[in-house]
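Novice: Here you go, one structure.
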Number of protein chains: 2
Amino acid sequence: MPDVNPVHLIAHKRDGQSLDPDDIRGVVQAYTAGDVPDYQMSAFLMATYLNGLNDAEAAALTDAMLHSGRVLDLSDLPGTKVDKHSTGGVGDKVSLILAPIVAACGVPVPMISGRGLGHTGGTLDKLESIPGFRTDLSIEDYRRQLADIGLVLIGQTEEMAPADRKLYALRDVTATVESIPLIAASIMSKKLAEGIDALVLDVKCGRGAFMKTEADARTLAETLTAIGETNGTPTTALMTRMDVPLGRAVGNWPEVAESIACLRGEHADSALMEVTIGLAGEMLALGGVADTPADGRTQAREAIEDGSALDAFRTLVETQDGDPSVVDDPSMRPGADPVADVVAPDHLEGVVTSIDALAIGFAAVDLGAGRRTKEDTVDPTAGIVFERTVGDKVEPGDVIARLYARDASRIPAAQEAVADAFTAGASAPEATSAIIDRYTRDGWSGGSDAASSV
Amino acid sequence: MPDVNPVHLIAHKRDGQSLDPDDIRGVVQAYTAGDVPDYQMSAFLMATYLNGLNDAEAAALTDAMLHSGRVLDLSDLPGTKVDKHSTGGVGDKVSLILAPIVAACGVPVPMISGRGLGHTGGTLDKLESIPGFRTDLSIEDYRRQLADIGLVLIGQTEEMAPADRKLYALRDVTATVESIPLIAASIMSKKLAEGIDALVLDVKCGRGAFMKTEADARTLAETLTAIGETNGTPTTALMTRMDVPLGRAVGNWPEVAESIACLRGEHADSALMEVTIGLAGEMLALGGVADTPADGRTQAREAIEDGSALDAFRTLVETQDGDPSVVDDPSMRPGADPVADVVAPDHLEGVVTSIDALAIGFAAVDLGAGRRTKEDTVDPTAGIVFERTVGDKVEPGDVIARLYARDASRIPAAQEAVADAFTAGASAPEATSAIIDRYTRDGWSGGSDAASSV
């Protein structure tokens with residue numbers, strides 16, 4: 001590590017200069033070791049927020065955070081290990097469907113996931129809504145399960161990327177969270193610590209995503225991919241729409257139930273399955289079992305049709321101490337019944353043209369599906385299931401959604417919020433692909449490959 | 001004080017928005033009270049550095065720092081109390097000549113000064129080179145002396161503007177010092193705490209100043225004046241040149257000796273006296289004893305000619321426990337003899353066209369006249385006195401300067417640095433006024449009034 005002068009580095013970044021990657025590594029290492037104080041790091045973060053990082057700087061920041069803790073080595077296990085990361089959306093249960101599909105097709109999936117953040121849900125919270133399901137496996141159990149069944153889904157451990165946790169906590173209280181290179185470095189430091197061989201990214205874009213504009217989503221996809229490739233990890237990104245919730249369910253158990261239905265082949269034509277199959281195609285191609293993403297998508301659809309993906313999910317649940325009977329019959333789960341309806345108000349007439357994903361995300365949190373403060377506990381069955389979605393006909397008085405919540409006092413506000421999130425018009429909006437575009441180190445595809453042949 | 005959310009304020013300033021003055025007051029008060037941590041304030045300072053503060057924000061920041069400590073009230077003392085502040089230069093002994101002139105003309109001068117900073121000297125260090133001179137008077141003694149002799153020069157007390165000290169210490173280690181609104185607020189919070197009725201600013205511009213460009217100096221003058229006027233304190237700024245050291249002496253006692261010579265009328269035609277008389281004219285006009293700055297300049301010159309300014313200086317020294325015999329004969333001070341000469345090198349032939357003020361400032365510090373670290377003690381007699389200045393003929397072998405230092409080991413490097421700071425040419429540079437322009441709340445004068453009739 002070079003001898004770092006934090007004031008000089010802050011001044012250089014303040015003045016818009018590029019920093020030597022070794023200096024970035026040095027300051028992050030010194031910060032993690034407690035040799036650079038919070039007040040210098042927060043000034044550095046603000047200068048970075050306002051003046052940015054180039055790809056080499058972002059890769060060095062990622063590398064320093066990655067190597068601040070344990071970096072798993074799965075190279076002794078057979079196969080090309082591939083994971084997927086989503087930048088977060090509303091109703092985004094893709095991981096629950098995708099990971100079993102990919103594992104069923106023979107690509108090992110070691111997935112380390114997070115909890116809900118803001119208005120978005122988290123895969124860990126969803127899995128834990130399955131009675132008994134454990135996400136706190138040790139690293140040793142994680143390796144063993146990956147070797148045994150080719151699929152494991154756990155939460156991040158304290159040993160991995162501690163610098164990212166320390167920096168994120170500081171960013172959270174210094175208004176430096178929403179920086180694309182800082183977001184990218186945070187994501188990639190955690191993903192690359194998993195010991196994966198390749199990575200597929202679902203970069204969400206729109207009202208219900210953290211990246212509201214296509215331009216920001218493109219920059220994030222490019223930055224994430226550049227970091228992955230610099231690290232020697234082949235990385236492909238799909239940019240997908242997140243204006244409307246993905247699928248019909250929002251909330252932890254409601255999303256698990258919908259995922260099981262998808263694994264049974266019940267929603268093959270949905271935007272949710274378009275995104276899932278698109279990502280599966282990329283993972284299977286990167287994992288070496290498909291020649292092309294299109295070939296991968298064909299294999300993925302077959303894994304749904306022949307039941308092998310559902311079997312993989314059932315095995316996952318059973319192996320991580322979850323109750324497999326709720327996979328066989330989701331209605332068996334206690335608390336799986338709706339407690340209230342949302343009825344279309346007078347003005348909602350014609351065809352549903354949009355459902356505001358951001359408003360729905362917050363309504364689900366308010367029902368108990370997410371945390372308003374860090375101390376909140378999650379209601380595993382709370383959530384919203386739509387009875388009408390974009391393109392469906394609607395008349396005042398129709399039931400447009402059903403609500404789930406343990407705490408009945410939360411229902412009236414949620415009914416109003418969900419009703420307000422709907423917009424109707426005279427005719428259905430023009431059909432659009434859920435996948436906007438695809439990015440690899442070779443550039444943007446213009447969406448043609450990913451979107452045309454699902 | 002409003003309920004302040006520091007993260008929201010940081011985010012607003014990060015996004016280039018203007019803040020409510022009450023919110024700025026609130027965050028500074030909370031920071032001073034320890035309720036906002038350093039790491040949030042440093043992020044706020046960096047956002048401010050990069051996105052700036054408007055005049056109302058800068059005035060609110062000043063007001064909050066000003067009221068973080070004791071604000072003196074001198075309203076029970078007769079007269080309009082006027083002070084001068086310089087943004088700092090090399091050889092800038094103006095205060096030592098100016099304050100006695102203005103006091104001798106009947107305007108009370110309550111001056112609270114600072115120590116040397118970087119390559120520039122400080123009035124306190126200069127005064128303390130007078131044997132016995134005390135600058136650590138209590139506020140009560142400060143008031144009493146101002147009432148008795150109309151002139152007092154002390155250092156800042158711990159009671160005044162503690163928020164400025166806390167913020168400055170944080171800026172120093174987070175690369176957020178060189179921000180015009182932060183510099184302006186820091187200066188004005190200390191000056192307005194003195195209990196003055198009006199203020200004259202010497203905003204220096206050039207190679208040896210903190211503001212290197214005329215554009216930055218103008219912005220600083222405008223910001224300082226706006227803060228003063230917002231506070232209800234009439235404020236006038238002169239923008240003056242600081243490319244070449246001001247006067248012939250650089251160093252604490254050497255500058256006191258030169259100041260005494262000036263008070264005796266020995267350097268009436270120098271740039272040093274042009275600046276001093278220009279500032280005196282403004283102070284006397286603001287202080288109500290002169291109708292115009294030009295009238296004030298006439299009175300100031302008379303105070304030199306009739307000896308009343310020198311008498312006022314002698315009284316000041318005596319009252320603050322200094323040895324008045326060195327005022328009567330500066331050669332009596334121990335250590336007042338030069339220890340080495342600087343000889344013109346071979347290439348220095350013709351007419352001196354410039355002397356690099358920044359290089360001279362650092363050479364003086366290295367001789368012992370300033371502090372390289374906070375722990376250094378100052379050598380009161382160390383310094384440089386020029387035997388040749390801009391416009392003088394020079395030939396190789398001429399003695400161009402004499403050096404003073406207790407520590408002989410520092411001489412060789414200083415000889416080289418001082419010789420290197422000189423440039424010669426075939427002919428003298430075009431004569432320029434030392435005062436570039438004048439700014440009041442009515443705008444810039446274009447330099448006409450201040451420069452034409454000195």
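Note on naming: chains are A, B, ... as they come in the structure tokens, residues start from 1 per chain, ligands start from 1 in the order shown.
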Could you pull out the alpha helix (DSSP H) residues of segment 31-185 of chain B, going by DSSP on the backbone, and write them as a PyMOL selection string?

Specialist: chain B and resi 31-32+38-51+55-66+94-104+123-127+139-149+162-172+180-185

Novice: At a cut-off of 12 Å, can you tabulate as CSV every residue of chain B near chain A together with its closest atom pair and the distance in Å to one decimal, using only C-alpha atoms and ordering rows by chain then number?

Specialist:
```
residue,atom,partner,partner_atom,distance
B:Asn5,CA,A:Val173,CA,10.2
B:Pro6,CA,A:Thr174,CA,8.0
B:Val7,CA,A:Ala175,CA,5.6
B:His8,CA,A:Ala175,CA,7.4
B:Leu9,CA,A:Ala175,CA,8.8
B:Ile10,CA,A:Ala175,CA,6.1
B:Ala11,CA,A:Ala175,CA,5.3
B:His12,CA,A:Ala175,CA,9.1
B:Lys13,CA,A:Ala175,CA,9.9
B:Arg14,CA,A:Leu50,CA,7.4
B:Asp15,CA,A:Leu50,CA,8.8
B:Gly16,CA,A:Leu50,CA,10.3
B:Val36,CA,A:Val173,CA,10.7
B:Pro37,CA,A:Tyr39,CA,8.4
B:Asp38,CA,A:Tyr39,CA,5.4
B:Tyr39,CA,A:Tyr39,CA,3.7
B:Gln40,CA,A:Thr174,CA,5.4
B:Met41,CA,A:Tyr39,CA,7.8
B:Ser42,CA,A:Ala43,CA,5.3
B:Ala43,CA,A:Ala43,CA,4.7
B:Phe44,CA,A:Thr174,CA,8.0
B:Leu45,CA,A:Ala43,CA,7.6
B:Met46,CA,A:Ala43,CA,5.7
B:Ala47,CA,A:Met46,CA,6.5
B:Thr48,CA,A:Met46,CA,10.1
B:Tyr49,CA,A:Arg14,CA,8.5
B:Leu50,CA,A:Arg14,CA,7.4
B:Asn51,CA,A:Leu50,CA,9.3
B:Leu167,CA,A:Tyr39,CA,11.9
B:Ala169,CA,A:Tyr39,CA,11.5
B:Leu170,CA,A:Tyr39,CA,8.0
B:Arg171,CA,A:Ala43,CA,9.6
B:Asp172,CA,A:Val7,CA,8.5
B:Val173,CA,A:Val7,CA,6.0
B:Thr174,CA,A:Gln40,CA,5.4
B:Ala175,CA,A:Ala11,CA,5.3
B:Thr176,CA,A:Ala11,CA,8.0
B:Val177,CA,A:Ala11,CA,10.0
B:Glu178,CA,A:Ala11,CA,10.1
B:Ser179,CA,A:Arg14,CA,11.5
```

Novice: I'd like the contact shell of segment 152-164 of chain A - 6 Å cut-off, only C-alpha atoms, skipping same-chain residues fewer than 2 positions apart - returned as a PyMOL selection string.

Specialist: chain A and resi 32+65-66+68-70+110-113+135+146+166-168+186

Novice: Using only C-alpha atoms, determine which residues lie at most 7 Å from Pro100 of chain A, disregarding the query and same-chain residues fewer than 5 positions distant; provide the list as number ranges by chain.

Specialist: A: 309-310, 312-313

Novice: Take the residues from that selection and write them out as a CSV table (one decimal), in the first residue's frame, keeping N, CA and C atoms.

Specialist:
```csv
chain,number,residue,atom,x,y,z
A,309,ALA,N,-37.2,-27.3,-13.0
A,309,ALA,CA,-36.9,-26.0,-12.2
A,309,ALA,C,-37.7,-26.0,-10.9
A,310,LEU,N,-38.9,-26.4,-11.0
A,310,LEU,CA,-39.7,-26.5,-9.7
A,310,LEU,C,-39.1,-27.5,-8.8
A,312,ALA,N,-36.0,-28.2,-8.5
A,312,ALA,CA,-34.8,-27.6,-8.0
A,312,ALA,C,-35.1,-26.6,-6.9
A,313,PHE,N,-36.2,-25.9,-7.0
A,313,PHE,CA,-36.7,-25.0,-6.0
A,313,PHE,C,-37.1,-25.7,-4.7
```

Novice: Write down as a PyMOL selection string the residues of segment 60-257 of chain B whose backbone DSSP state falls under strand (DSSP E or B).

Specialist: chain B and resi 82-86+109-113+117+120+151-155+198-205+235-241+249-251

Novice: What lies within 8 Å of segment 93-95 of chain A using only C-alpha atoms, ignoring chain neighbours under 2 positions off, as a PyMOL selection string?

Specialist: chain A and resi 84+91+97-99+123+246+255-256+259+272+275-276

Novice: Write the residues of the preceding selection, restricted to N, CA, C and O atoms, as a JSON list (two decimals), in the first residue's frame.

Specialist:
```json
[["chain", "number", "residue", "atom", "x", "y", "z"],
["A", 84, "LYS", "N", -26.73, -13.78, -10.51],
["A", 84, "LYS", "CA", -27.45, -12.64, -11.08],
["A", 84, "LYS", "C", -27.62, -11.61, -9.98],
["A", 84, "LYS", "O", -27.82, -11.95, -8.80],
["A", 91, "GLY", "N", -41.93, -5.84, -6.73],
["A", 91, "GLY", "CA", -42.44, -7.12, -7.23],
["A", 91, "GLY", "C", -41.37, -7.96, -7.90],
["A", 91, "GLY", "O", -41.68, -8.92, -8.61],
["A", 97, "ILE", "N", -37.27, -17.51, -9.16],
["A", 97, "ILE", "CA", -37.65, -18.35, -10.30],
["A", 97, "ILE", "C", -36.40, -18.70, -11.11],
["A", 97, "ILE", "O", -36.20, -19.82, -11.57],
["A", 98, "LEU", "N", -35.54, -17.69, -11.25],
["A", 98, "LEU", "CA", -34.37, -17.81, -12.12],
["A", 98, "LEU", "C", -33.33, -18.79, -11.59],
["A", 98, "LEU", "O", -32.81, -19.63, -12.35],
["A", 99, "ALA", "N", -33.01, -18.67, -10.30],
["A", 99, "ALA", "CA", -31.93, -19.51, -9.76],
["A", 99, "ALA", "C", -32.25, -21.00, -9.92],
["A", 99, "ALA", "O", -31.39, -21.77, -10.38],
["A", 123, "THR", "N", -34.51, -10.40, -1.68],
["A", 123, "THR", "CA", -34.66, -11.85, -1.83],
["A", 123, "THR", "C", -34.61, -12.58, -0.48],
["A", 123, "THR", "O", -35.34, -13.55, -0.27],
["A", 246, "LEU", "N", -43.41, -5.71, -11.17],
["A", 246, "LEU", "CA", -43.11, -6.90, -11.97],
["A", 246, "LEU", "C", -43.95, -8.07, -11.45],
["A", 246, "LEU", "O", -43.81, -8.48, -10.29],
["A", 255, "GLU", "N", -45.07, -12.97, -3.09],
["A", 255, "GLU", "CA", -44.16, -13.12, -4.23],
["A", 255, "GLU", "C", -43.62, -14.54, -4.34],
["A", 255, "GLU", "O", -43.37, -15.05, -5.44],
["A", 256, "VAL", "N", -43.40, -15.19, -3.19],
["A", 256, "VAL", "CA", -42.97, -16.59, -3.24],
["A", 256, "VAL", "C", -44.07, -17.43, -3.90],
["A", 256, "VAL", "O", -43.80, -18.26, -4.77],
["A", 259, "SER", "N", -44.01, -16.92, -7.49],
["A", 259, "SER", "CA", -42.83, -17.57, -8.09],
["A", 259, "SER", "C", -43.08, -19.06, -8.29],
["A", 259, "SER", "O", -42.69, -19.64, -9.30],
["A", 272, "LEU", "N", -42.82, -10.58, -16.23],
["A", 272, "LEU", "CA", -41.97, -11.24, -15.24],
["A", 272, "LEU", "C", -41.22, -12.40, -15.86],
["A", 272, "LEU", "O", -40.00, -12.55, -15.66],
["A", 275, "VAL", "N", -38.49, -11.29, -18.42],
["A", 275, "VAL", "CA", -37.24, -10.88, -17.77],
["A", 275, "VAL", "C", -36.50, -12.11, -17.24],
["A", 275, "VAL", "O", -35.28, -12.26, -17.43],
["A", 276, "THR", "N", -37.25, -13.02, -16.59],
["A", 276, "THR", "CA", -36.61, -14.19, -15.99],
["A", 276, "THR", "C", -35.94, -15.06, -17.05],
["A", 276, "THR", "O", -34.78, -15.47, -16.90]]
```

Novice: Pick out the residues sitting within 8 Å of Met242 of chain B, and hand them over as number ranges by chain; count only C-alpha atoms, and ignore anything fewer than 6 positions along from it in its own chain.

Specialist: B: 89-90, 204-209, 357
